[in-house]
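Working notes for the structure below.
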Amino acid sequence: MNRLVDRRLSGKNRSAVNRQRFLRRFKAQIRKAASEVVSGRKVTDMERGEKISIPSKDLSEPIFHHGPGGRRNIVLPGNRDFVTGDRVDRPEGGGGTGSGGGPADESMDDFVFELSKEEFMDYFFQDLALPDLVKKQLAAVPEVKKARAGFVSQGNPSNLHVVRSMKQAIGRRLAMAAGPRDALREAEEKLAELEANGLGTSAEADELREEIASFKARLAAVPFIDTWDLRYANRVEQPTPSSQAVMFCLMDVSGSMDEDRKNIAKRFFMLLYLFLTKSYERIDVVFIRHHTVAKEVDEEDFFSSRESGGTVVSSALELMRDIILERYPSANWNIYAAQASDGDNWEDDSPRCRELLHSILPLTQYYAYVEIEAEEPQSLWHEYERVKAASPRFAMQRILTLEDIYPVFRELFRKKVA
Amino acid sequence: MEPEMESDIAPTPPTTSRQVLSEGSEWSFELLDCYDREIARVAAHYGLDTYPSQIEIITSEQMIDAYSSVGMPVGYHHWSYGKQFIATQRGYKRGQMGLAYEIVINSSPCIAYLMEENTMTMQVLVIAHAAYGHNSFFKGNYLFRTWTDAEGILDYLVFARNFIAECEQRHGEEAVEELLDSCHALMNLGVDRYKRPARLSMAKEQLRQTEREAYLQSQVNDLWRTLPTRQVAGQEKLAARFPSEPQENLLYFIEKNAPRLEPWQREIVRIVRKIAQYFYPQRQTQVMNEGWATFWHYTLLNHLYEEGKLTDGFMMEFLQSHTNVVYQPPYNSRHYNGINPYALGFAMFTDLRRICEHPTEEDRRWFPELAGSDWVKSLDFAMRNFKDESFIAQYLSPKLIRDFKLFTMVDDDTEEKLEVTAIHDDAGYRAVRQQLAEQYNLGNREPNIQVYEVDVFGDRSLSLRHYMHDRRPLGESTPEMLRHVARLWGYTVRIDSVDQNGVSHMTAVSEV
């Protein structure tokens, strides 16, 4: 006797554990692939999963098998013009006739699969040595607030809106009762007329009485309240952050900033951006690159261009100040700035930078400065140290590896976590 | 003209009502049940003997799950299943591949999975294919009867999963994973090809497991005893080789004799070996198994159609899908991917029926005992008593060789060109048939590797021997494979290849 079983509702994630085992086993490869992906991504483009590809040969499951060579007999279908004794050339590259050792040839492709957003963020964070609390906070879905949004006809009982429902019921009762009530009144008038004329016992009067009774019954049958009448308060989820922020990315692009340093800088900017996405609904990003003169550019130019020559940091700060005054009044915008450099600056320019910062810092929420793989602290560093002593909104850090990035933001995140 | 028109209408068996079972492509449980009863009735009419079956409706996600655990309904955890899962899921999402319509498990009750997304027609096709076709094959074929225990397998898999989970807790996931990696690599060398296996059952396994652990360890200890028991006995041992005869079941040999495995490790080797053994018949009967199931879904549904129980629309959809399944692209087609077991198997069983019912002169010469016999009985006999290799050697008819236009080629690395050695003509039939049968001989497809000798009194190294067939060497994975063997054995492992003249040459060594 056969049995039919509906299994659709029983667990579907039986392979979840196996998938995790797979990810764990190839952690190194995935991590490498993920970090390559990060380099290719835009600063503002963090919140999605990613396709990861690792070379198939790294994850092969070997078995003993025959190699090429020796003598093989092959039976093939679909002969068209061969006769016994024909000699033909070996096919190139194992396609067509040479099908015997198949699987080995096919595995050249990369093994590609999707990491979910959470998994991807995990790999991104791994390099940065973030405290768990911060990781959780960054990866979490933004908090939402329930907001009223009118009324709907379906909902759960706790949201039932009594006043609305009763109003609805009144309207419905009026509409449903209107016809019979008019007819009832008419019939009653007619009956009264007949009775007045002394025809109260005629057949016509009886008929009217019957009609009246039926109208009354219909009126009585109009329900006081019906399921159609029920109205529920509608609540929708709105993300809590509803303010706006602008993030300034300042980077030195003079000759000494090489690819590696830029990559570290990029992660530095990404992390700040991620933090901002958790706190603000709308974020503008302004990229300013500088050597001796500063220029506002788009992201691509920002990371790809490289100029030779000296460095005047104050040019970038001036440009930033101008942009703030012109486009981002600090009353309406939360302003964050991240500056990355290798520490080079013209000796005379550094005090000027400090002065500029003193005028900029009151406008900003936070200003983070990193010096990437710098030899020795130079004049800029010393001047900035004085700025730091004077303002709690200023953070600075020398960075040798990716793990050093986080401390720059420590203050920022601590505030948020608290 | 009119009388002829009359005769075009299929004759109706008077006993059954000509009412169609359903219209439209939506399925429901009532309809499935109703179709299942009808199929069961027809299957009984043809004498199909089956285990009771349990037909489970699942979603596509669950199907992907089932896929990735190699069709085992209960599986232990391993990364390779995760890899399989990811690959399947990716392929499915991109629409590169459809999922199989069904998975069927050789157990009693026989479990068949049906996907929720299938149409009514597909569900019925799958029921006929899996719950009657495959099911009766599992129950009837001699390999499955000998090697697998349909009633014990589910219990055993539960035991295996629990045991391995327990080992992970006690000894760490990494240690278990490493061990499983090595065992999986050697899975194909973990089967007894000739000896009959003991029945599987969870209760017995658990009961005996502790006993076995202790006993095994004592055996191993004895083998590796360093203190000579008595001088004379020691002398004798020196002369005797170990193992006294080459051993084909590498995993079994390791389970019983590897000097440094702990008892739990031996048990895991045993679990992998048992599962390999369970799947061994499936690997030997692909053509027959699929052919048999396809033949029966075709026959059963056509029977129902002739009774007037199925609509024309139903049959059109069914035939389209059936035709896709049994398509054999020619060797030079872009779609060619070996001989399609569905195509070959279906063609062979259909051809067998034809030989029984309408034999030609040629058939009488080739299959005198088949021609004109009762086809139901002859097919049943063929299903029960053969595996792919012998089935093809016995039953591949000249007509089929012509239909498939089969030909054989020899690829010899000492020759410059490939040679066509036989085609579908009188001179070639027997050669083609023999070569095709050989192609399905697992012993030829996989390298023949055996345990040859252990240096018991020296460095404890293990020597494997690869017996070459037609001078075919081992592939490039060999050094890695030896590392797996060495991980299990614990000491140096080497492998020699022996060619037909008995000359051996060292192929690879893995030192520990």
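Numbering starts fresh at 1 for the residues of each chain in the structure tokens, the chains themselves are lettered A, B, ... in the order given, and ligands are numbered from 1 as they appear.
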Exercise for review: Specify as a VMD selection string all residues of chain B found within 7 Å of chain A, counting only C-alpha atoms.
Suggested key: chain B and resid 52 to 59 61 to 62 65 77 to 83 85 to 86 90 185 to 186 330 to 332 338 404 to 413 417 to 423 435 to 436 446 to 447 470 to 478 481
Keeping only C-alpha atoms, write the selected residues as a PDB file, in the first residue's frame.
ATOM      1  CA  PRO B  52       5.437  -0.503  -0.267  1.00  0.00           C
ATOM      2  CA  SER B  53       6.289   3.032  -1.236  1.00  0.00           C
ATOM      3  CA  GLN B  54       6.113   6.319   0.516  1.00  0.00           C
ATOM      4  CA  ILE B  55       5.599   9.190  -1.886  1.00  0.00           C
ATOM      5  CA  GLU B  56       6.707  12.484  -0.395  1.00  0.00           C
ATOM      6  CA  ILE B  57       5.841  15.878  -1.809  1.00  0.00           C
ATOM      7  CA  ILE B  58       8.659  18.356  -1.291  1.00  0.00           C
ATOM      8  CA  THR B  59       9.597  21.858  -2.387  1.00  0.00           C
ATOM      9  CA  GLU B  61      14.602  23.805  -1.863  1.00  0.00           C
ATOM     10  CA  GLN B  62      14.117  20.474  -0.200  1.00  0.00           C
ATOM     11  CA  ASP B  65      18.841  19.443  -0.050  1.00  0.00           C
ATOM     12  CA  HIS B  77      27.624  16.490   7.975  1.00  0.00           C
ATOM     13  CA  HIS B  78      30.514  17.064   5.627  1.00  0.00           C
ATOM     14  CA  TRP B  79      31.724  20.036   3.622  1.00  0.00           C
ATOM     15  CA  SER B  80      31.528  18.150   0.336  1.00  0.00           C
ATOM     16  CA  TYR B  81      27.757  17.975   0.686  1.00  0.00           C
ATOM     17  CA  GLY B  82      27.789  21.736   1.250  1.00  0.00           C
ATOM     18  CA  LYS B  83      29.771  22.177  -1.925  1.00  0.00           C
ATOM     19  CA  PHE B  85      24.453  22.009  -2.310  1.00  0.00           C
ATOM     20  CA  ILE B  86      25.935  25.337  -3.346  1.00  0.00           C
ATOM     21  CA  ARG B  90      23.485  28.046  -8.115  1.00  0.00           C
ATOM     22  CA  ALA B 185      38.617   9.577  -1.425  1.00  0.00           C
ATOM     23  CA  LEU B 186      38.972   5.814  -1.040  1.00  0.00           C
ATOM     24  CA  PRO B 330      25.356  11.323 -31.724  1.00  0.00           C
ATOM     25  CA  TYR B 331      29.026  11.289 -30.734  1.00  0.00           C
ATOM     26  CA  ASN B 332      29.876  14.410 -32.711  1.00  0.00           C
ATOM     27  CA  GLY B 338      28.497   9.662 -23.160  1.00  0.00           C
ATOM     28  CA  PHE B 404      22.069   3.530 -32.346  1.00  0.00           C
ATOM     29  CA  LYS B 405      24.648   3.238 -35.141  1.00  0.00           C
ATOM     30  CA  LEU B 406      27.196   2.090 -32.589  1.00  0.00           C
ATOM     31  CA  PHE B 407      30.823   1.726 -33.551  1.00  0.00           C
ATOM     32  CA  THR B 408      34.006   0.991 -31.649  1.00  0.00           C
ATOM     33  CA  MET B 409      37.291   2.808 -31.752  1.00  0.00           C
ATOM     34  CA  VAL B 410      40.675   1.995 -30.374  1.00  0.00           C
ATOM     35  CA  ASP B 411      42.761   4.744 -28.877  1.00  0.00           C
ATOM     36  CA  ASP B 412      46.268   3.384 -28.533  1.00  0.00           C
ATOM     37  CA  ASP B 413      49.021   5.730 -27.443  1.00  0.00           C
ATOM     38  CA  LYS B 417      45.709   7.595 -35.246  1.00  0.00           C
ATOM     39  CA  LEU B 418      42.506   6.251 -33.792  1.00  0.00           C
ATOM     40  CA  GLU B 419      41.210   3.151 -35.468  1.00  0.00           C
ATOM     41  CA  VAL B 420      37.608   2.214 -36.120  1.00  0.00           C
ATOM     42  CA  THR B 421      37.500  -1.470 -35.226  1.00  0.00           C
ATOM     43  CA  ALA B 422      33.856  -2.398 -35.679  1.00  0.00           C
ATOM     44  CA  ILE B 423      30.634  -0.818 -36.930  1.00  0.00           C
ATOM     45  CA  GLN B 435      33.094  -3.752 -26.167  1.00  0.00           C
ATOM     46  CA  LEU B 436      30.002  -1.955 -24.937  1.00  0.00           C
ATOM     47  CA  GLU B 446      38.319   2.163 -12.363  1.00  0.00           C
ATOM     48  CA  PRO B 447      41.957   1.283 -11.786  1.00  0.00           C
ATOM     49  CA  ASP B 470      45.799  -2.343 -21.464  1.00  0.00           C
ATOM     50  CA  ARG B 471      48.823  -0.387 -20.224  1.00  0.00           C
ATOM     51  CA  ARG B 472      46.618   2.372 -18.819  1.00  0.00           C
ATOM     52  CA  PRO B 473      48.542   4.373 -16.192  1.00  0.00           C
ATOM     53  CA  LEU B 474      47.211   6.065 -13.079  1.00  0.00           C
ATOM     54  CA  GLY B 475      46.087   9.679 -13.285  1.00  0.00           C
ATOM     55  CA  GLU B 476      47.653  12.805 -11.849  1.00  0.00           C
ATOM     56  CA  SER B 477      45.700  12.552  -8.612  1.00  0.00           C
ATOM     57  CA  THR B 478      47.792   9.595  -7.443  1.00  0.00           C
ATOM     58  CA  MET B 481      45.518   9.915  -3.092  1.00  0.00           C
TER      59      MET B 481
END
Practice item. Write out as number ranges by chain the residues lying within 10 Å of Arg173 (chain A), counting only C-alpha atoms and excluding same-chain residues fewer than 6 positions away. Key: A: 167, 219, 222-226, 229
Selection file, C-alpha atoms, as a PDB file, in the first residue's frame:
ATOM      1  CA  LYS A 167     -18.545  54.326  11.660  1.00  0.00           C
ATOM      2  CA  LEU A 219     -34.679  45.462   8.275  1.00  0.00           C
ATOM      3  CA  VAL A 222     -29.429  43.919   8.630  1.00  0.00           C
ATOM      4  CA  PRO A 223     -26.583  43.057  10.996  1.00  0.00           C
ATOM      5  CA  PHE A 224     -25.526  45.615  13.512  1.00  0.00           C
ATOM      6  CA  ILE A 225     -21.913  44.948  12.761  1.00  0.00           C
ATOM      7  CA  ASP A 226     -20.392  42.749  10.122  1.00  0.00           C
ATOM      8  CA  ASP A 229     -17.070  46.829   8.796  1.00  0.00           C
TER       9      ASP A 229
END
Review point. Taking the backbone alone, and naming residues the way the document does, which bits of region 202-404 of chain B are helix (DSSP H, G or I) by DSSP, as a count of residues only?
Key: 145
Practice item. Determine, counting only C-alpha atoms, which protein, DNA and RNA residues have an atom within 12 Å of an atom of region 360-372 of chain B; residues of the same chain fewer than 2 positions away are not included. Present the result as a count of residues only. Key: 26
**Study point:** strand (DSSP E) call set, DSSP backbone run, region 164-409 of chain A, as an MDAnalysis selection string
**Key:** chainID A and resid 232:239 244:252 282:290 294:297 334:341 366:372 394:399
Using C-alpha atoms, can you write the selected residues to a file as a PDB file, in the first residue's frame?
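For reference, result.pdb as written:
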ATOM      1  CA  TYR A 232      -7.667  48.065  11.702  1.00  0.00           C
ATOM      2  CA  ALA A 233      -5.093  50.638  12.467  1.00  0.00           C
ATOM      3  CA  ASN A 234      -2.328  50.274   9.921  1.00  0.00           C
ATOM      4  CA  ARG A 235       1.263  50.563  11.031  1.00  0.00           C
ATOM      5  CA  VAL A 236       4.251  50.569   8.761  1.00  0.00           C
ATOM      6  CA  GLU A 237       7.891  50.263   9.634  1.00  0.00           C
ATOM      7  CA  GLN A 238      10.020  53.300   9.070  1.00  0.00           C
ATOM      8  CA  PRO A 239      13.756  53.302   9.479  1.00  0.00           C
ATOM      9  CA  GLN A 244      21.226  63.374   6.487  1.00  0.00           C
ATOM     10  CA  ALA A 245      24.956  63.346   6.519  1.00  0.00           C
ATOM     11  CA  VAL A 246      27.774  64.185   4.207  1.00  0.00           C
ATOM     12  CA  MET A 247      31.059  62.395   4.228  1.00  0.00           C
ATOM     13  CA  PHE A 248      34.207  63.982   2.931  1.00  0.00           C
ATOM     14  CA  CYS A 249      36.957  61.707   1.747  1.00  0.00           C
ATOM     15  CA  LEU A 250      40.265  63.492   1.486  1.00  0.00           C
ATOM     16  CA  MET A 251      43.224  61.714   0.054  1.00  0.00           C
ATOM     17  CA  ASP A 252      46.728  62.578  -0.884  1.00  0.00           C
ATOM     18  CA  ARG A 282      20.703  59.997   3.357  1.00  0.00           C
ATOM     19  CA  ILE A 283      24.423  60.230   2.841  1.00  0.00           C
ATOM     20  CA  ASP A 284      26.342  62.286   0.358  1.00  0.00           C
ATOM     21  CA  VAL A 285      29.929  61.430  -0.321  1.00  0.00           C
ATOM     22  CA  VAL A 286      32.369  64.044  -1.529  1.00  0.00           C
ATOM     23  CA  PHE A 287      35.746  62.948  -2.814  1.00  0.00           C
ATOM     24  CA  ILE A 288      38.562  65.427  -2.681  1.00  0.00           C
ATOM     25  CA  ARG A 289      41.984  64.490  -3.890  1.00  0.00           C
ATOM     26  CA  HIS A 290      44.988  66.681  -3.624  1.00  0.00           C
ATOM     27  CA  ALA A 294      42.928  70.044  -4.505  1.00  0.00           C
ATOM     28  CA  LYS A 295      40.097  68.980  -6.737  1.00  0.00           C
ATOM     29  CA  GLU A 296      36.687  67.449  -6.241  1.00  0.00           C
ATOM     30  CA  VAL A 297      36.421  64.247  -8.295  1.00  0.00           C
ATOM     31  CA  ASN A 334      25.917  66.145   9.799  1.00  0.00           C
ATOM     32  CA  ILE A 335      29.390  66.447   8.461  1.00  0.00           C
ATOM     33  CA  TYR A 336      32.009  63.722   8.717  1.00  0.00           C
ATOM     34  CA  ALA A 337      35.452  63.844   7.252  1.00  0.00           C
ATOM     35  CA  ALA A 338      38.075  61.188   6.678  1.00  0.00           C
ATOM     36  CA  GLN A 339      41.525  62.092   5.562  1.00  0.00           C
ATOM     37  CA  ALA A 340      44.178  59.655   4.394  1.00  0.00           C
ATOM     38  CA  SER A 341      47.728  60.554   3.626  1.00  0.00           C
ATOM     39  CA  TYR A 366      33.926  63.845  13.504  1.00  0.00           C
ATOM     40  CA  TYR A 367      37.185  64.192  11.721  1.00  0.00           C
ATOM     41  CA  ALA A 368      39.380  61.149  11.286  1.00  0.00           C
ATOM     42  CA  TYR A 369      42.907  61.261  10.014  1.00  0.00           C
ATOM     43  CA  VAL A 370      45.100  58.289   9.123  1.00  0.00           C
ATOM     44  CA  GLU A 371      48.711  58.251   8.156  1.00  0.00           C
ATOM     45  CA  ILE A 372      49.410  55.139   6.124  1.00  0.00           C
ATOM     46  CA  PHE A 394      39.328  64.721  16.088  1.00  0.00           C
ATOM     47  CA  ALA A 395      40.896  61.246  15.838  1.00  0.00           C
ATOM     48  CA  MET A 396      44.170  60.243  14.297  1.00  0.00           C
ATOM     49  CA  GLN A 397      46.106  57.049  13.820  1.00  0.00           C
ATOM     50  CA  ARG A 398      49.159  55.719  12.121  1.00  0.00           C
ATOM     51  CA  ILE A 399      48.295  52.672  10.072  1.00  0.00           C
TER      52      ILE A 399
END
Check your understanding: Which residues come within 12 Å of Gln282 (chain B), counting only C-alpha atoms, excluding same-chain residues fewer than 3 positions away, as a VMD selection string?
Key -> chain B and resid 71 104 to 106 134 137 to 138 141 to 145 147 to 148 275 to 279 285 to 290 387 to 388 442
Point to revise | Who sits within 7 Å of region 180-197 of chain A, only C-alpha atoms, same chain under 3 positions skipped, as a count of residues only | key: 7
Check your understanding: So which one's closest to Asp499 (chain B), B:Asn135, B:Asn162, B:Asn448, B:Ser69? Using only C-alpha atoms, please.
Key ->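 Comparing B:Asn135, B:Asn162, B:Asn448, B:Ser69 against Asp499 (chain B), the winner is B:Asn448.
Here CA of Ala389 (chain A) and CA of Arg321 (chain A) stand 21.4 Å from one another.
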Revision key, fill the gap. note - CA of Met320 (chain A) and CA of Asp258 (chain A) are separated by 23.5 Å
